Structures are given as C-alpha cells and as structure tokens.
Amino acid sequence: MRYVMTSCLMLAALMHPAWAEEAVTEQDDTLPPLEITNAWARATTGPTGAVYLTARNMNQQEETVIAGVSTPIAKAAELHTTIKDQRFMRMVKMQDIAIPPAGAVVMQPGGTHIMLVGLEGPLEEGKGFPLTIEIGEEDELTIPVVVMVKGIE
Amino acid sequence: MKWLLFLGISLMLTVGAVVLWQKTPVTAQSQAPQIIEQDAQLFGGAFELVDADGKTRTDQDFQGQFMLVYFGFTYCPDICPIGLIRITRVLQQLGDSADEVTPLFITVDPERDTPEQLKTYMTSFDERIVALTGSAEQIKQAANAYKVYYVKREEDSAMEYLVDHSAFTYLMDREGQLVHHFPHEATDDDIAKAIKRVLAAEFKAGAQPSPGAGNPEQLTETGE
C-alpha cells in the first residue's frame, strides 16, 4: 500500500507544474548540459568517416548548442546532414546544432552525422577513439566512440 | 424483424467498407513504383571504364550476367557506405545465386577516385563488388546511361567539394536491360527478394518454355 501511495505521489509530482519546476531548479549545474549516448562510427578504409550519436540537452530551460567537434584521429571533424530532394542526395555542412531545452538530436545513417575528413588510418571494427564536442562557447565534453559495421538497420 | 435486417445490412456494409479501405492503399502502393517496359529501355547502355586494378572494363564484359549497379564516391561517408553495405548483405543473402549477379560501384568523383583509391576503399565491402572509375568523360557517359544526376558542389569544408548525386540501385538483366530500380531507402531484404524472384522466374521460363518467357514477369515492383 505504501508503494502505491509513493507511486501516486511521484506521479503527482511529475504532473504538478509547480513541483516539476521545483525539481528543475534543483538541477545540478556541475553536470555537463549534454548527455551523449549510442556514439559509434562506421568501419571504413576510405578517406572519410561518419560518427553517429544521440545528444540530449539536459537543461530543462535553455537550449544547448553543439558548436563544433574534433578528434585526434582525423584532420577535421564537421557537422553534416544529408538532405534528400527530388533528384539528389546532398550533404550539407552545418555550422552548429542547437538542441531545444530537454530536447535531443538523433544522428543516424542517412541523416545528420559527424563527418571525419582526412582519417589517419582505417577505422577498424571493434576499435574506439575519443571525440570532443564543443558545447556553446565554453564547455566541452570528450566521449568514446566505438567502430561498428552498420548500414541502415 | 425489420430492425434486425437493417442492422445486418449495415453491419455487412461497414465490414465491406473497412475491408475495401484496408485493401486500397496496399494495391495503390504496389502499383505506384512499377517500372513499365518503355521506361526500362531508357536505362543502361554502353560504358567504358577502369576498374580498381587499372584494367579497362566495358558493359560487354558483363553481358550474360545480371548487374546490380550503384553510383557513389569514396569521400562520401554516409550515403555511399550504406549502399555498399547493403549490396554486401544482398550478396550474402543470395548465397550461390550471387554468382549470377555482378555488383558494380561506379564513382561520380573521378577526380579523386583513382583506381588505387577505389582499391583501398572497397576492402570495407564484399570483394565481389567491381569498383569502376574513368576519365570525367567516361564517367559522364556511364552516368548518363543510367540517368544518374551528379553535381560537384564547392563547400566550406575540409573536403573542399562534395558531389550531390542520385542514389538508386539498378538491377539489370543478362541483356543489360533494367529489371528493377531501388530507392535509397530499400533494404537488403527488398533487393535480395527481387533478385531471387527474377532468377526464379527465369528458371521457370527456361524449364517450361512458354509464350510468356523472359518478359514482363521480370518487371516487378519496388518496395515490397
């Protein structure tokens, strides 16, 4: 019975706007504003590579901007997105990616991705490398990326 | 009693309407992307290109084989590997039947895609895929034959330029005629199934010669 009551209270807390707001103000400022999950790169022996990941903005009130990316294993890393129009698939470079409060950007094959140009060597399945994400003007976050053989699943 | 009859009729009508409604979009979908024979004539044709070993290859080399043709370029990290991994999986799915099909990867970036570059790049994919490059003129001819659009576009990127291109996969028959084309979204299952169906139809036609042998039966629809 106590469990049921606790659950009800928790549910009420989630649904009640005033309480929800209170929860937000308790947000830990020391945590990075971005949560990165599912970061992987496609195995390749080519001159360029692609990294895919999900970036979640943990800030409930303000947008978070991915301002740039870099990795020691490539000469350059850029934010790109693939656009399909009637005739073409075209890749377009993005200066940055703004993620709305509590929102997320899902980078996946055939869409937005991090393009690695001038790879030092082949990306071999099962290996990993670090990727640094510049957040806004001051923060940055370095995450591990795992290399996988994957198309569109 | 009249009520019951009325109720019965309305129920039947409703069920009928629901069944029709459910069926209609399915038929519409399977008919929409169908390739008509006239269109098939417009795709494919002569080409003279160079493979990853620097050897000249023409369309004549692949006569008598089915071809699975895909255009792309090695500096393309997202779209093109998806297409080539898909072809790799199609070949795995086909098993022994894969011997009937030659997969071709033709670059739309002959400037950067030298035979050596292709050779390194292709080690990521099935070794049966024949990678082809050539002079700008040769590539233009091949792309035109397959109605492939490609445009080099300068971009403020470490890549200097990108190539926008159409990303269909073409299945050609033993005479070099289009049987089927698959959009970028097609899965390896879609393509493998279509190839198996075409091979089965050919086998059937060969085993039991009939007036319908080797024709529209091969023109099947995409997106199944």
# chains A, B, ... in the order shown; residues from 1 in each chain; ligands from 1

call {"tool": "interface_residues", "arguments": {"of": "chain A", "to": "chain B", "cutoff": "12 Å", "atoms": "only C-alpha atoms", "output": "PyMOL selection string"}}
result
chain A and resi 41-52+74-95+107-119+121-125+148-153

call {"tool": "residues_around", "arguments": {"residues": "A:Ile135", "least_positions_apart": "2", "cutoff": "6 Å", "atoms": "only C-alpha atoms", "output": "list of chain:residue names"}}
result
A:Val65, A:Ile66, A:Ala67, A:Asp139, A:Glu140

call {"tool": "write_last_selection", "arguments": {"atoms": "C-alpha atoms", "output": "PDB file, in the first residue's frame"}}
result
ATOM      1  CA  VAL A  65      24.435  24.312 -28.865  1.00  0.00           C
ATOM      2  CA  ILE A  66      26.884  21.819 -30.326  1.00  0.00           C
ATOM      3  CA  ALA A  67      29.356  24.378 -31.626  1.00  0.00           C
ATOM      4  CA  ASP A 139      32.100  23.809 -22.291  1.00  0.00           C
ATOM      5  CA  GLU A 140      33.366  20.700 -23.934  1.00  0.00           C
TER       6      GLU A 140
END

call {"tool": "atom_distance", "arguments": {"atom1": "atom CA of A:Trp40", "atom2": "atom CA of A:Lys127"}}
result
10.2 Å

call {"tool": "residues_around", "arguments": {"residues": "B:Met67", "least_positions_apart": "6", "cutoff": "9 Å", "atoms": "only C-alpha atoms", "output": "count of residues only"}}
result
11

call {"tool": "select_by_dssp", "arguments": {"residues": "stretch 22-142 of chain B", "states": "strand (DSSP E)", "output": "list of chain:residue names"}}
result
B:Glu48, B:Leu49, B:Val50, B:Asp51, B:Thr56, B:Arg57, B:Thr58, B:Phe66, B:Met67, B:Leu68, B:Val69, B:Tyr70, B:Phe71, B:Gly72, B:Val101, B:Thr102, B:Pro103, B:Leu104, B:Phe105, B:Ile106, B:Thr107, B:Val130, B:Ala131, B:Leu132, B:Thr133

call {"tool": "decode", "arguments": {"residues": "stretch 63-83 of chain A", "atoms": "N, CA, C and O atoms", "output": "PDB file, in the first residue's frame"}}
result
ATOM      1  N   GLU A  63      18.352  26.290 -24.414  1.00  0.00           N
ATOM      2  CA  GLU A  63      18.865  25.427 -25.473  1.00  0.00           C
ATOM      3  C   GLU A  63      20.365  25.238 -25.293  1.00  0.00           C
ATOM      4  O   GLU A  63      21.035  26.056 -24.664  1.00  0.00           O
ATOM      5  N   THR A  64      20.861  24.152 -25.812  1.00  0.00           N
ATOM      6  CA  THR A  64      22.296  23.875 -25.776  1.00  0.00           C
ATOM      7  C   THR A  64      22.761  23.743 -27.220  1.00  0.00           C
ATOM      8  O   THR A  64      22.067  23.178 -28.054  1.00  0.00           O
ATOM      9  N   VAL A  65      23.953  24.305 -27.485  1.00  0.00           N
ATOM     10  CA  VAL A  65      24.435  24.312 -28.865  1.00  0.00           C
ATOM     11  C   VAL A  65      25.687  23.451 -29.002  1.00  0.00           C
ATOM     12  O   VAL A  65      26.632  23.598 -28.233  1.00  0.00           O
ATOM     13  N   ILE A  66      25.652  22.534 -29.964  1.00  0.00           N
ATOM     14  CA  ILE A  66      26.884  21.819 -30.326  1.00  0.00           C
ATOM     15  C   ILE A  66      27.601  22.746 -31.301  1.00  0.00           C
ATOM     16  O   ILE A  66      27.141  22.968 -32.422  1.00  0.00           O
ATOM     17  N   ALA A  67      28.705  23.340 -30.829  1.00  0.00           N
ATOM     18  CA  ALA A  67      29.356  24.378 -31.626  1.00  0.00           C
ATOM     19  C   ALA A  67      30.449  23.817 -32.530  1.00  0.00           C
ATOM     20  O   ALA A  67      30.869  24.460 -33.485  1.00  0.00           O
ATOM     21  N   GLY A  68      30.921  22.632 -32.210  1.00  0.00           N
ATOM     22  CA  GLY A  68      31.976  22.058 -33.035  1.00  0.00           C
ATOM     23  C   GLY A  68      32.369  20.688 -32.511  1.00  0.00           C
ATOM     24  O   GLY A  68      31.959  20.291 -31.419  1.00  0.00           O
ATOM     25  N   VAL A  69      33.163  19.977 -33.309  1.00  0.00           N
ATOM     26  CA  VAL A  69      33.621  18.639 -32.919  1.00  0.00           C
ATOM     27  C   VAL A  69      35.064  18.468 -33.369  1.00  0.00           C
ATOM     28  O   VAL A  69      35.498  19.115 -34.330  1.00  0.00           O
ATOM     29  N   SER A  70      35.804  17.629 -32.660  1.00  0.00           N
ATOM     30  CA  SER A  70      37.172  17.341 -33.081  1.00  0.00           C
ATOM     31  C   SER A  70      37.589  15.974 -32.560  1.00  0.00           C
ATOM     32  O   SER A  70      36.993  15.453 -31.613  1.00  0.00           O
ATOM     33  N   THR A  71      38.580  15.395 -33.222  1.00  0.00           N
ATOM     34  CA  THR A  71      39.118  14.108 -32.790  1.00  0.00           C
ATOM     35  C   THR A  71      40.572  14.024 -33.242  1.00  0.00           C
ATOM     36  O   THR A  71      40.920  14.542 -34.308  1.00  0.00           O
ATOM     37  N   PRO A  72      41.420  13.416 -32.413  1.00  0.00           N
ATOM     38  CA  PRO A  72      42.829  13.322 -32.822  1.00  0.00           C
ATOM     39  C   PRO A  72      43.057  12.402 -34.024  1.00  0.00           C
ATOM     40  O   PRO A  72      44.127  12.459 -34.633  1.00  0.00           O
ATOM     41  N   ILE A  73      42.069  11.594 -34.387  1.00  0.00           N
ATOM     42  CA  ILE A  73      42.310  10.617 -35.460  1.00  0.00           C
ATOM     43  C   ILE A  73      41.977  11.143 -36.860  1.00  0.00           C
ATOM     44  O   ILE A  73      42.145  10.432 -37.843  1.00  0.00           O
ATOM     45  N   ALA A  74      41.497  12.396 -36.944  1.00  0.00           N
ATOM     46  CA  ALA A  74      41.190  12.958 -38.271  1.00  0.00           C
ATOM     47  C   ALA A  74      41.648  14.409 -38.352  1.00  0.00           C
ATOM     48  O   ALA A  74      41.698  15.111 -37.340  1.00  0.00           O
ATOM     49  N   LYS A  75      41.999  14.833 -39.551  1.00  0.00           N
ATOM     50  CA  LYS A  75      42.441  16.223 -39.751  1.00  0.00           C
ATOM     51  C   LYS A  75      41.324  17.187 -39.384  1.00  0.00           C
ATOM     52  O   LYS A  75      41.560  18.251 -38.840  1.00  0.00           O
ATOM     53  N   ALA A  76      40.112  16.835 -39.726  1.00  0.00           N
ATOM     54  CA  ALA A  76      38.981  17.719 -39.427  1.00  0.00           C
ATOM     55  C   ALA A  76      37.752  16.892 -39.098  1.00  0.00           C
ATOM     56  O   ALA A  76      37.599  15.760 -39.572  1.00  0.00           O
ATOM     57  N   ALA A  77      36.905  17.451 -38.258  1.00  0.00           N
ATOM     58  CA  ALA A  77      35.601  16.837 -37.971  1.00  0.00           C
ATOM     59  C   ALA A  77      34.556  17.927 -38.154  1.00  0.00           C
ATOM     60  O   ALA A  77      34.749  19.058 -37.701  1.00  0.00           O
ATOM     61  N   GLU A  78      33.505  17.603 -38.853  1.00  0.00           N
ATOM     62  CA  GLU A  78      32.486  18.611 -39.180  1.00  0.00           C
ATOM     63  C   GLU A  78      31.095  18.036 -38.954  1.00  0.00           C
ATOM     64  O   GLU A  78      30.888  16.828 -39.023  1.00  0.00           O
ATOM     65  N   LEU A  79      30.157  18.950 -38.719  1.00  0.00           N
ATOM     66  CA  LEU A  79      28.753  18.544 -38.581  1.00  0.00           C
ATOM     67  C   LEU A  79      28.132  18.591 -39.975  1.00  0.00           C
ATOM     68  O   LEU A  79      28.210  19.608 -40.655  1.00  0.00           O
ATOM     69  N   HIS A  80      27.561  17.486 -40.384  1.00  0.00           N
ATOM     70  CA  HIS A  80      26.942  17.428 -41.714  1.00  0.00           C
ATOM     71  C   HIS A  80      25.544  16.837 -41.610  1.00  0.00           C
ATOM     72  O   HIS A  80      25.250  16.072 -40.698  1.00  0.00           O
ATOM     73  N   THR A  81      24.728  17.164 -42.586  1.00  0.00           N
ATOM     74  CA  THR A  81      23.448  16.482 -42.662  1.00  0.00           C
ATOM     75  C   THR A  81      23.176  16.102 -44.107  1.00  0.00           C
ATOM     76  O   THR A  81      23.640  16.767 -45.031  1.00  0.00           O
ATOM     77  N   THR A  82      22.496  14.996 -44.298  1.00  0.00           N
ATOM     78  CA  THR A  82      22.166  14.546 -45.641  1.00  0.00           C
ATOM     79  C   THR A  82      20.738  14.975 -45.947  1.00  0.00           C
ATOM     80  O   THR A  82      19.827  14.729 -45.169  1.00  0.00           O
ATOM     81  N   ILE A  83      20.600  15.662 -47.062  1.00  0.00           N
ATOM     82  CA  ILE A  83      19.274  16.124 -47.448  1.00  0.00           C
ATOM     83  C   ILE A  83      18.895  15.404 -48.737  1.00  0.00           C
ATOM     84  O   ILE A  83      19.706  15.259 -49.644  1.00  0.00           O
TER      85      ILE A  83
END
